[in-house]
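These notes concern the structure reproduced below.
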Amino acid sequence: MSAQKQTLHKTSQPEKKNMKTTSLIKNSFNKKHWLSLAIAAFGLPLTFNPAVASAAPQVFEAFGATPADIQTQIDAFRASFGGQNNGIGNGGKFTDGRREINWDAVPDAFSAPNLMPANFFNSNSPRGAVFFTLGTGFQVSANSSNPTNTPVRFGNIHPVYPELFSTFSPQKLFTALGSNITETLFFVPGMTHSATVKGFGAVFTDVNADDSTMIEYFDVNGSLLLAQNVLPGSTHRGSLSFLGVTFETPNVFMVRITSGNRILKTPNRDVVVMDDFIYGEPQGLR
Ligand SMILES: [Ca+2]
C-alpha cells in the first residue's frame, strides 16, 4: 500500500475542485450536440419526468501501483449500492445492488484485433450498458492465449502499450478507438427500456496527468450533475486509478468518460485505457 489516496467526502469539495473544469466544458462543448450522438442513435424519447434536485453525491477515488491500492475504495463504492452484484440478465428484478463489467469473459471473436459491439453488454451479456463514441468503435484487449496471437493489453495498437497498461481484473482491458470519449447509456438489462443508475465508477490504467481523464455524470434532461477528474497514478507506467460517484437517488442517465488526452495510437502522454466498470442497478424510466 504505497501512495494511495483514499477519500470519501461530500461534494462541496469536488464541486469546488472542478469548478474550472466544469466551466471549461460549458465553454468549449456544445452539450446538446454531443449528447444527441447517443440519444439520436437510439431514438430515445426524452419525455420523462424532470429529475428532482440531487443531494450531495459521494466520491470514491484511489490510485496506486497495484490492485490492492485501489481495492478498499472499490469495495466501499460497491457497498454504497447495497444489495449484491446482480450479475447478468434479470432486468427489472432488483431495486438495489449493482452491475459489473470486467471485460474478461468477452470472447476472442469480439476482442482485439476485432471490435466489440457497442451493445454487447445489453445483448450478448445483458447488464444494461450500451456504449457510444465519436471514434470508430470499441475494443477489448486480447488474452495471452488467443487464436490470432494478438498481443495482450493493446500491444496490437502499439508494442509499448503492454508495458504502459496494467489490469485490476486480469487479463482484458477496454478502450474506444479513434477517440478518447466513451459515453454509456443505461437500460433495464436485456431490454430496450431506458434506465437511470444511482452511480457509476471505472478503473483506469496509466493516468499520468491530473486533468487528462474524467467522468461526467448527466441526468435525463442532459444537465451535468458532476464532472470529476480521475486521480493520476503514482508510477510513470502501469498505474491504476479508480473513480466512482454515488448519488442520493438513481438519476444518472448517461456518463461520459474522457480517457486520457490522446487517442490510442502512439505512446504520447497521456494515453489511458479502462478496466472494470461498476454501476448501480439500472432502474427503468417511467
Ligand atoms: Ca479486466
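Within each chain, counting starts at residue 1; across the C-alpha cells, chains are named A, B, ... in the order shown, with ligands numbered 1 upward in that order.
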
Write out, as a Markdown table, each residue of chain A that has an atom at most 9 Å from ligand 1, together with the closest pair of atoms and their distance in Å to one decimal, counting only C-alpha atoms and all ligand atoms, rows going by chain and rising number.
```
| residue | atom | partner | partner_atom_place_in_ligand_line | distance |
| --- | --- | --- | --- | --- |
| A:Ile101 | CA | ligand 1 | 1 (Ca) | 8.0 |
| A:Asn102 | CA | ligand 1 | 1 (Ca) | 4.3 |
| A:Trp103 | CA | ligand 1 | 1 (Ca) | 5.0 |
| A:Asp104 | CA | ligand 1 | 1 (Ca) | 4.9 |
| A:Ala105 | CA | ligand 1 | 1 (Ca) | 8.6 |
| A:Val140 | CA | ligand 1 | 1 (Ca) | 9.0 |
| A:Ser141 | CA | ligand 1 | 1 (Ca) | 8.9 |
| A:Thr167 | CA | ligand 1 | 1 (Ca) | 6.0 |
| A:Phe168 | CA | ligand 1 | 1 (Ca) | 6.2 |
| A:Ser169 | CA | ligand 1 | 1 (Ca) | 4.0 |
| A:Pro170 | CA | ligand 1 | 1 (Ca) | 4.9 |
| A:Gln171 | CA | ligand 1 | 1 (Ca) | 5.3 |
| A:Lys172 | CA | ligand 1 | 1 (Ca) | 4.2 |
| A:Leu173 | CA | ligand 1 | 1 (Ca) | 5.1 |
| A:Phe174 | CA | ligand 1 | 1 (Ca) | 7.8 |
| A:Met274 | CA | ligand 1 | 1 (Ca) | 8.4 |
| A:Asp275 | CA | ligand 1 | 1 (Ca) | 5.1 |
| A:Asp276 | CA | ligand 1 | 1 (Ca) | 5.9 |
```

Q: With a distance cut-off of 7 Å and only C-alpha atoms, select the neighbouring residues of region 208-216 of chain A, excluding the residue or stretch itself and same-chain residues fewer than 2 positions from it, and output the selection as a ChimeraX atom specification.
A: /A:206,218,226-233,236,255-261,270

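Among the candidate residues A:Phe81, A:Leu185, A:Glu61, A:Phe154, the one lying nearest to Thr95 (chain A) is A:Phe81, with distances computed using only C-alpha atoms.
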
Within 10 Å of Ile157 (chain A) using only C-alpha atoms, minus same-chain residues under 5 positions, as a PDB file with N, CA and C atoms, in the first residue's frame:
```
ATOM      1  N   ALA A 112      -9.591  -7.862 -29.314  1.00  0.00           N
ATOM      2  CA  ALA A 112      -8.541  -7.474 -30.252  1.00  0.00           C
ATOM      3  C   ALA A 112      -7.997  -8.695 -30.983  1.00  0.00           C
ATOM      4  N   PRO A 113      -7.788  -8.572 -32.312  1.00  0.00           N
ATOM      5  CA  PRO A 113      -7.849  -7.337 -33.110  1.00  0.00           C
ATOM      6  C   PRO A 113      -9.258  -6.983 -33.601  1.00  0.00           C
ATOM      7  N   SER A 141      -9.074  -5.796 -25.032  1.00  0.00           N
ATOM      8  CA  SER A 141      -7.741  -6.321 -25.338  1.00  0.00           C
ATOM      9  C   SER A 141      -7.735  -7.854 -25.319  1.00  0.00           C
ATOM     10  N   THR A 150      -2.651 -12.340 -30.985  1.00  0.00           N
ATOM     11  CA  THR A 150      -2.671 -10.890 -30.792  1.00  0.00           C
ATOM     12  C   THR A 150      -2.052 -10.549 -29.433  1.00  0.00           C
ATOM     13  N   PRO A 151      -1.167  -9.547 -29.386  1.00  0.00           N
ATOM     14  CA  PRO A 151      -0.528  -9.200 -28.107  1.00  0.00           C
ATOM     15  C   PRO A 151      -1.541  -8.709 -27.057  1.00  0.00           C
ATOM     16  N   PRO A 162       1.600  -2.802 -23.745  1.00  0.00           N
ATOM     17  CA  PRO A 162       1.556  -3.775 -22.646  1.00  0.00           C
ATOM     18  C   PRO A 162       2.408  -3.358 -21.442  1.00  0.00           C
ATOM     19  N   LEU A 177     -11.838   3.379 -29.814  1.00  0.00           N
ATOM     20  CA  LEU A 177     -10.816   3.534 -30.859  1.00  0.00           C
ATOM     21  C   LEU A 177     -11.073   4.828 -31.625  1.00  0.00           C
ATOM     22  N   LEU A 264      -5.751   6.335 -28.658  1.00  0.00           N
ATOM     23  CA  LEU A 264      -4.849   5.197 -28.528  1.00  0.00           C
ATOM     24  C   LEU A 264      -4.217   4.906 -29.889  1.00  0.00           C
ATOM     25  N   LYS A 265      -3.018   5.426 -30.098  1.00  0.00           N
ATOM     26  CA  LYS A 265      -2.384   5.265 -31.398  1.00  0.00           C
ATOM     27  C   LYS A 265      -0.868   5.236 -31.209  1.00  0.00           C
ATOM     28  N   THR A 266      -0.339   6.251 -30.562  1.00  0.00           N
ATOM     29  CA  THR A 266       1.094   6.329 -30.308  1.00  0.00           C
ATOM     30  C   THR A 266       1.283   6.454 -28.798  1.00  0.00           C
ATOM     31  N   PRO A 267       2.505   6.233 -28.304  1.00  0.00           N
ATOM     32  CA  PRO A 267       2.706   6.259 -26.847  1.00  0.00           C
ATOM     33  C   PRO A 267       2.777   7.663 -26.246  1.00  0.00           C
TER      34      PRO A 267
END
```

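You will find CA of Gly135 (chain A) at 18.1 Å from CA of Asn268 (chain A).
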
(Q) Report as a PyMOL selection string all protein, DNA and RNA residues lying within 7 Å of Gly89 (chain A), evaluated on only C-alpha atoms, omitting residues in the same chain fewer than 6 positions from it. (A) chain A and resi 126-127+189-190

Q: Based on DSSP run over this structure's backbone, return all residues of region 41-137 of chain A in helix (DSSP H, G or I), as a PyMOL selection string.
A: chain A and resi 41-42+67-79+108-110

(Q) When you count only C-alpha atoms, which of these residues is closest to Gly97 (chain A): A:Ala65, A:Ala79, A:Leu285, A:Ala109? (A)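 Between A:Ala65, A:Ala79, A:Leu285, A:Ala109, the residue approaching Gly97 (chain A) most closely is A:Ala79.
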
Q: Please indicate the distance in Å from CA of Phe131 (chain A) to CA of Pro250 (chain A), rounded to one decimal place.
A: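 Distance between the two atoms: 19.0 Å.
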
Q. Quick one, how far is CA of Gly92 (chain A) from CA of Ser194 (chain A)?
A. 11.3 Å

**Q.** Picked from region 81-128 of chain A by DSSP as strand (DSSP E or B), as a PyMOL selection string
**A.** chain A and resi 85+98-101+116

Q: Could you check which of A:Ser234, A:Ser125, A:Thr133, A:Asn156 is closest to Val207 (chain A), using only C-alpha atoms?
A: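 Smallest separation from Val207 (chain A) among the options: A:Ser234.
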
Q. In terms of the shortest atom-to-atom distance over only C-alpha atoms, which of A:Asp108, A:Glu163, A:Glu281, A:Glu100 is closest to Thr205 (chain A)?
A. A:Glu163
